[in-house]
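Structure file upload.tsv with TSV, N, CA and C atoms:
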chain	number	residue	atom	x	y	z
G	1	MET	N	-48.47	24.92	-66.97
G	1	MET	CA	-48.95	24.05	-65.92
G	1	MET	C	-48.83	24.80	-64.60
G	2	THR	N	-49.88	24.75	-63.80
G	2	THR	CA	-49.84	25.41	-62.49
G	2	THR	C	-49.39	24.43	-61.43
G	3	ASP	N	-48.71	24.95	-60.44
G	3	ASP	CA	-48.23	24.13	-59.34
G	3	ASP	C	-49.14	24.35	-58.14
G	4	LYS	N	-50.04	23.41	-57.90
G	4	LYS	CA	-50.94	23.52	-56.77
G	4	LYS	C	-50.32	22.82	-55.57
G	5	LYS	N	-50.24	23.53	-54.47
G	5	LYS	CA	-49.68	22.94	-53.26
G	5	LYS	C	-50.76	22.08	-52.60
G	6	THR	N	-50.41	20.85	-52.29
G	6	THR	CA	-51.33	19.96	-51.61
G	6	THR	C	-51.47	20.39	-50.16
G	7	PRO	N	-52.70	20.55	-49.69
G	7	PRO	CA	-52.87	20.95	-48.30
G	7	PRO	C	-52.39	19.86	-47.35
G	8	PRO	N	-51.90	20.24	-46.17
G	8	PRO	CA	-51.44	19.24	-45.21
G	8	PRO	C	-52.57	18.30	-44.82
G	9	GLN	N	-52.22	17.06	-44.59
G	9	GLN	CA	-53.19	16.04	-44.20
G	9	GLN	C	-53.16	15.85	-42.68
G	10	GLN	N	-54.23	15.28	-42.16
G	10	GLN	CA	-54.28	14.93	-40.75
G	10	GLN	C	-53.20	13.87	-40.48
G	11	PRO	N	-52.44	14.01	-39.41
G	11	PRO	CA	-51.43	12.98	-39.09
G	11	PRO	C	-52.07	11.60	-38.92
G	12	ARG	N	-51.26	10.57	-39.14
G	12	ARG	CA	-51.74	9.19	-39.05
G	12	ARG	C	-50.99	8.48	-37.92
G	13	LEU	N	-51.71	7.67	-37.16
G	13	LEU	CA	-51.14	6.87	-36.08
G	13	LEU	C	-51.43	5.40	-36.37
G	14	PHE	N	-50.38	4.58	-36.38
G	14	PHE	CA	-50.58	3.16	-36.67
G	14	PHE	C	-49.40	2.35	-36.13
G	15	PRO	N	-49.60	1.04	-35.92
G	15	PRO	CA	-48.50	0.21	-35.44
G	15	PRO	C	-47.53	-0.12	-36.57
G	16	VAL	N	-46.27	-0.27	-36.19
G	16	VAL	CA	-45.24	-0.67	-37.15
G	16	VAL	C	-44.76	-2.07	-36.78
G	17	HIS	N	-43.73	-2.54	-37.45
G	17	HIS	CA	-43.26	-3.92	-37.27
G	17	HIS	C	-42.93	-4.27	-35.82
G	18	SER	N	-42.53	-3.30	-35.03
G	18	SER	CA	-42.20	-3.54	-33.62
G	18	SER	C	-43.45	-3.68	-32.75
G	19	LYS	N	-44.60	-3.48	-33.35
G	19	LYS	CA	-45.91	-3.49	-32.69
G	19	LYS	C	-46.14	-2.23	-31.84
G	20	HIS	N	-45.20	-1.30	-31.89
G	20	HIS	CA	-45.41	-0.01	-31.24
G	20	HIS	C	-45.94	0.97	-32.28
G	21	MET	N	-46.40	2.11	-31.79
G	21	MET	CA	-47.09	3.07	-32.64
G	21	MET	C	-46.12	4.09	-33.25
G	22	THR	N	-46.47	4.54	-34.44
G	22	THR	CA	-45.77	5.66	-35.05
G	22	THR	C	-46.80	6.71	-35.44
G	23	LEU	N	-46.42	7.96	-35.27
G	23	LEU	CA	-47.27	9.09	-35.64
G	23	LEU	C	-46.58	9.79	-36.81
G	24	GLU	N	-47.20	9.74	-37.98
G	24	GLU	CA	-46.65	10.38	-39.18
G	24	GLU	C	-47.36	11.71	-39.38
G	25	PHE	N	-46.57	12.77	-39.58
G	25	PHE	CA	-47.13	14.11	-39.73
G	25	PHE	C	-47.50	14.46	-41.16
G	26	ASP	N	-47.11	13.66	-42.14
G	26	ASP	CA	-47.45	13.88	-43.55
G	26	ASP	C	-46.94	15.22	-44.06
G	27	ALA	N	-45.83	15.69	-43.49
G	27	ALA	CA	-45.21	16.94	-43.92
G	27	ALA	C	-43.80	17.00	-43.33
G	28	TYR	N	-42.97	17.81	-43.94
G	28	TYR	CA	-41.61	18.03	-43.43
G	28	TYR	C	-41.57	19.36	-42.70
G	29	ASP	N	-41.03	19.35	-41.47
G	29	ASP	CA	-40.86	20.58	-40.68
G	29	ASP	C	-42.14	21.41	-40.60
G	30	SER	N	-43.26	20.74	-40.41
G	30	SER	CA	-44.53	21.46	-40.34
G	30	SER	C	-44.65	22.23	-39.03
G	31	GLU	N	-45.49	23.23	-39.05
G	31	GLU	CA	-45.77	23.99	-37.83
G	31	GLU	C	-46.32	23.07	-36.75
G	32	LEU	N	-47.17	22.13	-37.12
G	32	LEU	CA	-47.74	21.19	-36.16
G	32	LEU	C	-46.65	20.36	-35.50
G	33	ARG	N	-45.75	19.80	-36.29
G	33	ARG	CA	-44.67	18.98	-35.72
G	33	ARG	C	-43.81	19.81	-34.79
G	34	CYS	N	-43.49	21.03	-35.18
G	34	CYS	CA	-42.68	21.91	-34.33
G	34	CYS	C	-43.40	22.20	-33.01
G	35	THR	N	-44.71	22.40	-33.06
G	35	THR	CA	-45.50	22.65	-31.86
G	35	THR	C	-45.52	21.43	-30.95
G	36	VAL	N	-45.70	20.24	-31.52
G	36	VAL	CA	-45.70	19.01	-30.73
G	36	VAL	C	-44.33	18.79	-30.09
G	37	CYS	N	-43.26	19.01	-30.84
G	37	CYS	CA	-41.91	18.84	-30.30
G	37	CYS	C	-41.65	19.82	-29.16
G	38	ALA	N	-42.08	21.06	-29.31
G	38	ALA	CA	-41.92	22.05	-28.24
G	38	ALA	C	-42.71	21.63	-27.01
G	39	TYR	N	-43.91	21.10	-27.20
G	39	TYR	CA	-44.73	20.61	-26.09
G	39	TYR	C	-44.01	19.50	-25.34
G	40	LEU	N	-43.42	18.56	-26.06
G	40	LEU	CA	-42.71	17.46	-25.41
G	40	LEU	C	-41.57	17.97	-24.54
G	41	VAL	N	-40.83	18.94	-25.03
G	41	VAL	CA	-39.67	19.46	-24.29
G	41	VAL	C	-40.09	20.44	-23.20
G	42	GLU	N	-40.87	21.44	-23.57
G	42	GLU	CA	-41.17	22.53	-22.65
G	42	GLU	C	-42.24	22.20	-21.62
G	43	GLU	N	-43.24	21.42	-22.01
G	43	GLU	CA	-44.35	21.12	-21.09
G	43	GLU	C	-44.18	19.79	-20.38
G	44	LEU	N	-43.67	18.78	-21.08
G	44	LEU	CA	-43.57	17.45	-20.48
G	44	LEU	C	-42.17	17.11	-19.99
G	45	GLY	N	-41.19	17.98	-20.25
G	45	GLY	CA	-39.85	17.80	-19.70
G	45	GLY	C	-38.97	16.78	-20.39
G	46	PHE	N	-39.26	16.46	-21.64
G	46	PHE	CA	-38.40	15.54	-22.38
G	46	PHE	C	-37.10	16.24	-22.76
G	47	GLU	N	-36.03	15.46	-22.88
G	47	GLU	CA	-34.75	15.95	-23.40
G	47	GLU	C	-34.54	15.33	-24.78
G	48	ARG	N	-33.78	16.03	-25.61
G	48	ARG	CA	-33.41	15.49	-26.92
G	48	ARG	C	-32.06	14.80	-26.77
G	49	ARG	N	-31.98	13.56	-27.24
G	49	ARG	CA	-30.73	12.81	-27.16
G	49	ARG	C	-30.44	12.15	-28.50
G	50	GLY	N	-29.17	12.16	-28.86
G	50	GLY	CA	-28.75	11.52	-30.09
G	50	GLY	C	-28.31	12.53	-31.12
G	51	GLU	N	-27.90	12.02	-32.23
G	51	GLU	CA	-27.40	12.83	-33.33
G	51	GLU	C	-28.42	12.88	-34.46
G	52	ARG	N	-28.33	13.92	-35.26
G	52	ARG	CA	-29.14	14.01	-36.47
G	52	ARG	C	-28.32	13.38	-37.60
G	53	VAL	N	-28.94	12.46	-38.31
G	53	VAL	CA	-28.29	11.78	-39.43
G	53	VAL	C	-29.25	11.85	-40.61
G	54	ASP	N	-28.80	12.44	-41.71
G	54	ASP	CA	-29.63	12.57	-42.90
G	54	ASP	C	-29.12	11.64	-43.99
G	55	GLY	N	-30.01	10.87	-44.56
G	55	GLY	CA	-29.70	10.01	-45.68
G	55	GLY	C	-30.41	10.51	-46.93
G	56	TRP	N	-30.35	9.72	-47.97
G	56	TRP	CA	-30.94	10.12	-49.23
G	56	TRP	C	-32.46	10.18	-49.15
G	57	ASP	N	-33.08	9.17	-48.52
G	57	ASP	CA	-34.54	9.14	-48.48
G	57	ASP	C	-35.11	9.01	-47.07
G	58	GLU	N	-34.26	9.12	-46.06
G	58	GLU	CA	-34.73	9.10	-44.68
G	58	GLU	C	-33.67	9.70	-43.77
G	59	GLY	N	-34.09	10.08	-42.58
G	59	GLY	CA	-33.17	10.65	-41.63
G	59	GLY	C	-33.60	10.36	-40.21
G	60	ILE	N	-32.65	10.46	-39.30
G	60	ILE	CA	-32.91	10.26	-37.88
G	60	ILE	C	-32.64	11.57	-37.18
G	61	SER	N	-33.54	11.95	-36.29
G	61	SER	CA	-33.39	13.14	-35.47
G	61	SER	C	-33.17	12.70	-34.03
G	62	PRO	N	-32.67	13.58	-33.17
G	62	PRO	CA	-32.52	13.20	-31.76
G	62	PRO	C	-33.86	12.74	-31.17
G	63	SER	N	-33.80	11.70	-30.36
G	63	SER	CA	-34.99	11.15	-29.70
G	63	SER	C	-35.44	12.06	-28.57
G	64	PHE	N	-36.68	11.89	-28.16
G	64	PHE	CA	-37.23	12.55	-26.98
G	64	PHE	C	-37.18	11.53	-25.85
G	65	VAL	N	-36.50	11.86	-24.74
G	65	VAL	CA	-36.29	10.91	-23.65
G	65	VAL	C	-36.61	11.56	-22.32
G	66	ARG	N	-37.33	10.79	-21.48
G	66	ARG	CA	-37.63	11.24	-20.11
G	66	ARG	C	-38.02	10.04	-19.26
G	67	ASP	N	-37.34	9.84	-18.14
G	67	ASP	CA	-37.71	8.80	-17.17
G	67	ASP	C	-37.96	7.44	-17.81
G	68	GLY	N	-37.08	7.01	-18.68
G	68	GLY	CA	-37.22	5.70	-19.30
G	68	GLY	C	-38.20	5.64	-20.47
G	69	LEU	N	-38.86	6.74	-20.76
G	69	LEU	CA	-39.79	6.82	-21.89
G	69	LEU	C	-39.06	7.45	-23.06
G	70	GLU	N	-39.13	6.82	-24.22
G	70	GLU	CA	-38.44	7.34	-25.41
G	70	GLU	C	-39.38	7.36	-26.60
G	71	LEU	N	-39.34	8.47	-27.31
G	71	LEU	CA	-39.97	8.59	-28.62
G	71	LEU	C	-38.86	8.86	-29.61
G	72	GLN	N	-38.68	7.97	-30.56
G	72	GLN	CA	-37.69	8.20	-31.60
G	72	GLN	C	-38.29	9.15	-32.62
G	73	ALA	N	-37.44	9.92	-33.26
G	73	ALA	CA	-37.90	10.93	-34.22
G	73	ALA	C	-37.10	10.80	-35.51
G	74	GLY	N	-37.74	11.18	-36.60
G	74	GLY	CA	-37.04	11.15	-37.87
G	74	GLY	C	-37.94	11.62	-39.00
G	75	TRP	N	-37.45	11.41	-40.20
G	75	TRP	CA	-38.23	11.74	-41.40
G	75	TRP	C	-37.96	10.67	-42.44
G	76	SER	N	-38.89	10.52	-43.35
G	76	SER	CA	-38.76	9.51	-44.38
G	76	SER	C	-39.63	9.88	-45.57
G	77	HIS	N	-39.11	9.63	-46.76
G	77	HIS	CA	-39.94	9.81	-47.94
G	77	HIS	C	-41.11	8.83	-47.93
G	78	TRP	N	-40.91	7.66	-47.33
G	78	TRP	CA	-41.98	6.66	-47.24
G	78	TRP	C	-43.10	7.16	-46.33
G	79	ALA	N	-42.75	7.96	-45.32
G	79	ALA	CA	-43.75	8.52	-44.41
G	79	ALA	C	-44.28	9.85	-44.93
G	80	ASP	N	-43.77	10.31	-46.05
G	80	ASP	CA	-44.13	11.62	-46.59
G	80	ASP	C	-43.87	12.74	-45.60
G	81	GLY	N	-42.83	12.60	-44.81
G	81	GLY	CA	-42.49	13.66	-43.87
G	81	GLY	C	-41.95	13.14	-42.56
G	82	ASP	N	-42.15	13.94	-41.52
G	82	ASP	CA	-41.62	13.64	-40.20
G	82	ASP	C	-42.49	12.64	-39.46
G	83	TYR	N	-41.87	11.95	-38.49
G	83	TYR	CA	-42.62	10.99	-37.67
G	83	TYR	C	-42.05	10.94	-36.26
G	84	LEU	N	-42.85	10.44	-35.34
G	84	LEU	CA	-42.43	10.06	-34.00
G	84	LEU	C	-42.76	8.58	-33.85
G	85	LEU	N	-41.85	7.82	-33.23
G	85	LEU	CA	-42.01	6.38	-33.09
G	85	LEU	C	-41.85	5.99	-31.63
G	86	ALA	N	-42.86	5.35	-31.06
G	86	ALA	CA	-42.80	4.87	-29.68
G	86	ALA	C	-41.96	3.60	-29.63
G	87	VAL	N	-41.29	3.39	-28.50
G	87	VAL	CA	-40.52	2.16	-28.31
G	87	VAL	C	-40.98	1.41	-27.05
G	88	CYS	N	-42.09	1.85	-26.45
G	88	CYS	CA	-42.63	1.19	-25.27
G	88	CYS	C	-44.13	1.49	-25.17
G	89	PRO	N	-44.88	0.74	-24.36
G	89	PRO	CA	-46.32	0.98	-24.24
G	89	PRO	C	-46.68	2.39	-23.77
G	90	HIS	N	-45.89	2.97	-22.86
G	90	HIS	CA	-46.18	4.34	-22.41
G	90	HIS	C	-46.01	5.33	-23.57
G	91	GLY	N	-45.05	5.07	-24.44
G	91	GLY	CA	-44.88	5.91	-25.62
G	91	GLY	C	-46.05	5.77	-26.57
G	92	ASP	N	-46.57	4.54	-26.70
G	92	ASP	CA	-47.76	4.33	-27.53
G	92	ASP	C	-48.91	5.20	-27.03
G	93	GLN	N	-49.13	5.19	-25.71
G	93	GLN	CA	-50.22	5.97	-25.13
G	93	GLN	C	-50.00	7.46	-25.34
G	94	LEU	N	-48.76	7.91	-25.18
G	94	LEU	CA	-48.46	9.33	-25.39
G	94	LEU	C	-48.78	9.74	-26.83
G	95	LEU	N	-48.43	8.91	-27.79
G	95	LEU	CA	-48.74	9.23	-29.19
G	95	LEU	C	-50.25	9.25	-29.43
G	96	HIS	N	-50.99	8.34	-28.79
G	96	HIS	CA	-52.46	8.38	-28.88
G	96	HIS	C	-52.99	9.70	-28.33
G	97	ASP	N	-52.45	10.13	-27.18
G	97	ASP	CA	-52.89	11.38	-26.57
G	97	ASP	C	-52.54	12.59	-27.43
G	98	ILE	N	-51.37	12.56	-28.05
G	98	ILE	CA	-50.97	13.66	-28.94
G	98	ILE	C	-51.93	13.73	-30.13
G	99	LEU	N	-52.21	12.59	-30.75
G	99	LEU	CA	-53.12	12.59	-31.89
G	99	LEU	C	-54.50	13.10	-31.48
G	100	ALA	N	-54.97	12.72	-30.30
G	100	ALA	CA	-56.29	13.16	-29.82
G	100	ALA	C	-56.33	14.67	-29.61
G	101	ALA	N	-55.18	15.30	-29.40
G	101	ALA	CA	-55.11	16.74	-29.17
G	101	ALA	C	-54.98	17.55	-30.46
G	102	ILE	N	-54.89	16.87	-31.61
G	102	ILE	CA	-54.76	17.55	-32.90
G	102	ILE	C	-56.16	17.72	-33.49
G	103	ARG	N	-56.52	18.97	-33.73
G	103	ARG	CA	-57.84	19.30	-34.26
G	103	ARG	C	-57.86	19.17	-35.78
G	104	PRO	N	-59.05	19.13	-36.39
G	104	PRO	CA	-59.14	19.02	-37.85
G	104	PRO	C	-58.41	20.14	-38.59
G	105	ASP	N	-58.29	21.32	-37.96
G	105	ASP	CA	-57.56	22.42	-38.62
G	105	ASP	C	-56.05	22.32	-38.39
G	106	LEU	N	-55.60	21.20	-37.81
G	106	LEU	CA	-54.20	20.89	-37.52
G	106	LEU	C	-53.62	21.74	-36.39
G	107	SER	N	-54.47	22.37	-35.60
G	107	SER	CA	-53.97	23.04	-34.39
G	107	SER	C	-53.83	21.98	-33.29
G	108	PHE	N	-52.99	22.27	-32.32
G	108	PHE	CA	-52.67	21.31	-31.27
G	108	PHE	C	-53.13	21.86	-29.93
G	109	HIS	N	-54.00	21.12	-29.25
G	109	HIS	CA	-54.58	21.57	-27.98
G	109	HIS	C	-54.52	20.44	-26.95
G	110	PRO	N	-53.33	20.20	-26.37
G	110	PRO	CA	-53.23	19.12	-25.38
G	110	PRO	C	-53.92	19.49	-24.08
G	111	ARG	N	-54.39	18.46	-23.40
G	111	ARG	CA	-54.95	18.69	-22.06
G	111	ARG	C	-53.78	18.95	-21.12
G	112	ARG	N	-53.86	19.99	-20.37
G	112	ARG	CA	-52.79	20.34	-19.42
G	112	ARG	C	-52.87	19.40	-18.22
G	113	GLY	N	-51.71	19.13	-17.67
G	113	GLY	CA	-51.66	18.31	-16.48
G	113	GLY	C	-51.51	16.82	-16.74
G	114	GLU	N	-51.42	16.42	-18.01
G	114	GLU	CA	-51.18	15.01	-18.30
G	114	GLU	C	-49.71	14.73	-18.01
G	115	GLY	N	-49.45	13.90	-17.05
G	115	GLY	CA	-48.08	13.69	-16.60
G	115	GLY	C	-47.25	12.75	-17.44
G	116	HIS	N	-47.84	11.83	-18.09
G	116	HIS	CA	-47.15	10.78	-18.86
G	116	HIS	C	-45.86	10.43	-18.21

Spell out the structure here as structure tokens.
Amino acid sequence: MTDKKTPPQQPRLFPVHSKHMTLEFDAYDSELRCTVCAYLVEELGFERRGERVDGWDEGISPSFVRDGLELQAGWSHWADGDYLLAVCPHGDQLLHDILAAIRPDLSFHPRRGEGH
């Protein structure tokens, strides 16, 4: 039997029970997720806050926080990988903007100068 690796899928953005948006990357530690995380810290000035906690089928990573805006981060087998979760309307918009900057080839091209 051959082991075929499933190609990465386009990330998905949808509301969760809190009515805020979550962006699922459909992969664990993907290059795309690492690029988005670096963009949040290096370009938009977010800080990472919190502890990393790993469970059997899900985990919590430090959140991205800046000026009252927070994106929670983590991974889950239910999400098939890593995710970012907004906790406010500005976070919802930021996740929409991030998804809009992801090309079909999974490269990330944000518009510069978006202050969020």

Neighbours of range 70-73 of chain G within 7 Å (only C-alpha atoms; same-chain residues fewer than 5 positions away dropped), as a PDB file with N, CA and C atoms, in the frame of the given file?
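Generated output (out31.pdb):
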ATOM      1  N   ILE G  60     -32.650  10.460 -39.300  1.00  0.00           N
ATOM      2  CA  ILE G  60     -32.910  10.260 -37.880  1.00  0.00           C
ATOM      3  C   ILE G  60     -32.640  11.570 -37.180  1.00  0.00           C
ATOM      4  N   SER G  61     -33.540  11.950 -36.290  1.00  0.00           N
ATOM      5  CA  SER G  61     -33.390  13.140 -35.470  1.00  0.00           C
ATOM      6  C   SER G  61     -33.170  12.700 -34.030  1.00  0.00           C
ATOM      7  N   PRO G  62     -32.670  13.580 -33.170  1.00  0.00           N
ATOM      8  CA  PRO G  62     -32.520  13.200 -31.760  1.00  0.00           C
ATOM      9  C   PRO G  62     -33.860  12.740 -31.170  1.00  0.00           C
ATOM     10  N   SER G  63     -33.800  11.700 -30.360  1.00  0.00           N
ATOM     11  CA  SER G  63     -34.990  11.150 -29.700  1.00  0.00           C
ATOM     12  C   SER G  63     -35.440  12.060 -28.570  1.00  0.00           C
ATOM     13  N   PHE G  64     -36.680  11.890 -28.160  1.00  0.00           N
ATOM     14  CA  PHE G  64     -37.230  12.550 -26.980  1.00  0.00           C
ATOM     15  C   PHE G  64     -37.180  11.530 -25.850  1.00  0.00           C
ATOM     16  N   VAL G  65     -36.500  11.860 -24.740  1.00  0.00           N
ATOM     17  CA  VAL G  65     -36.290  10.910 -23.650  1.00  0.00           C
ATOM     18  C   VAL G  65     -36.610  11.560 -22.320  1.00  0.00           C
ATOM     19  N   TYR G  83     -41.870  11.950 -38.490  1.00  0.00           N
ATOM     20  CA  TYR G  83     -42.620  10.990 -37.670  1.00  0.00           C
ATOM     21  C   TYR G  83     -42.050  10.940 -36.260  1.00  0.00           C
ATOM     22  N   LEU G  84     -42.850  10.440 -35.340  1.00  0.00           N
ATOM     23  CA  LEU G  84     -42.430  10.060 -34.000  1.00  0.00           C
ATOM     24  C   LEU G  84     -42.760   8.580 -33.850  1.00  0.00           C
ATOM     25  N   LEU G  85     -41.850   7.820 -33.230  1.00  0.00           N
ATOM     26  CA  LEU G  85     -42.010   6.380 -33.090  1.00  0.00           C
ATOM     27  C   LEU G  85     -41.850   5.990 -31.630  1.00  0.00           C
ATOM     28  N   ALA G  86     -42.860   5.350 -31.060  1.00  0.00           N
ATOM     29  CA  ALA G  86     -42.800   4.870 -29.680  1.00  0.00           C
ATOM     30  C   ALA G  86     -41.960   3.600 -29.630  1.00  0.00           C
ATOM     31  N   VAL G  87     -41.290   3.390 -28.500  1.00  0.00           N
ATOM     32  CA  VAL G  87     -40.520   2.160 -28.310  1.00  0.00           C
ATOM     33  C   VAL G  87     -40.980   1.410 -27.050  1.00  0.00           C
ATOM     34  N   GLY G  91     -45.050   5.070 -24.440  1.00  0.00           N
ATOM     35  CA  GLY G  91     -44.880   5.910 -25.620  1.00  0.00           C
ATOM     36  C   GLY G  91     -46.050   5.770 -26.570  1.00  0.00           C
TER      37      GLY G  91
END

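Counting all atoms listed in the file, the residue from G:Cys88, G:Ala27, G:Trp78, G:Tyr39 that sits nearest to Asp57 in chain G is G:Trp78.
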
In Å, with one decimal, what is the gap from CA of His77 in chain G to CA of Asp54 in chain G?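 Going from CA of His77 in chain G over to CA of Asp54 in chain G covers 11.8 Å.
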
Among chain G, which residues does DSSP mark as helix (DSSP H, G or I) when it is run on the backbone? Keep the chain and numbering as in the structure and answer as an NGL selection string. :G and (31-43 or 89-100)

Strand (DSSP E) call set, DSSP backbone run, range 6-106 of chain G, as a VMD selection string: chain G and resid 12 to 15 21 to 24 47 to 49 53 to 54 58 to 66 69 to 76 81 to 86

For atom C of Leu99 in chain G and CA of Val53 in chain G, quote the distance in Å rounded to one decimal. 27.4 Å

Between G:Gln9, G:Glu47, G:Gly74, G:Asp92, which has the minimum distance to Asp26 in chain G (counting only N, CA and C atoms)?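 Looking only at the distances to Asp26 in chain G, the closest residue turns out to be G:Gln9.
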
Step by step, gather every atom of range 67-83 of chain G that the file lists, find the box along x, y and z that holds them, add 3 Å on each side, and finally give centre and edge lengths in Å to one decimal, as JSON.
{"center_x": -40.7, "center_y": 9.8, "center_z": -32.6, "size_x": 13.2, "size_y": 14.3, "size_z": 36.8}

Given only C-alpha atoms as the basis, pick out the residue of G:Ala79, G:Ile102, G:Leu44, G:Cys37 nearest to Glu58 in chain G.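 Smallest separation from Glu58 in chain G among the options: G:Ala79.
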
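Between atom C of Phe25 in chain G and atom N of Pro11 in chain G lies a distance of 5.3 Å.
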
Which residue of G:Gly50, G:Pro15, G:Gly81, G:Gly45 approaches Gln93 in chain G most closely, using only C-alpha atoms: G:Pro15

Among the residues G:His96, G:Arg12, G:His109, G:Arg103, the one that comes closest to Asp80 in chain G [using only C-alpha atoms]: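 When distances to Asp80 in chain G are compared using only C-alpha atoms, the smallest one comes from G:Arg12.
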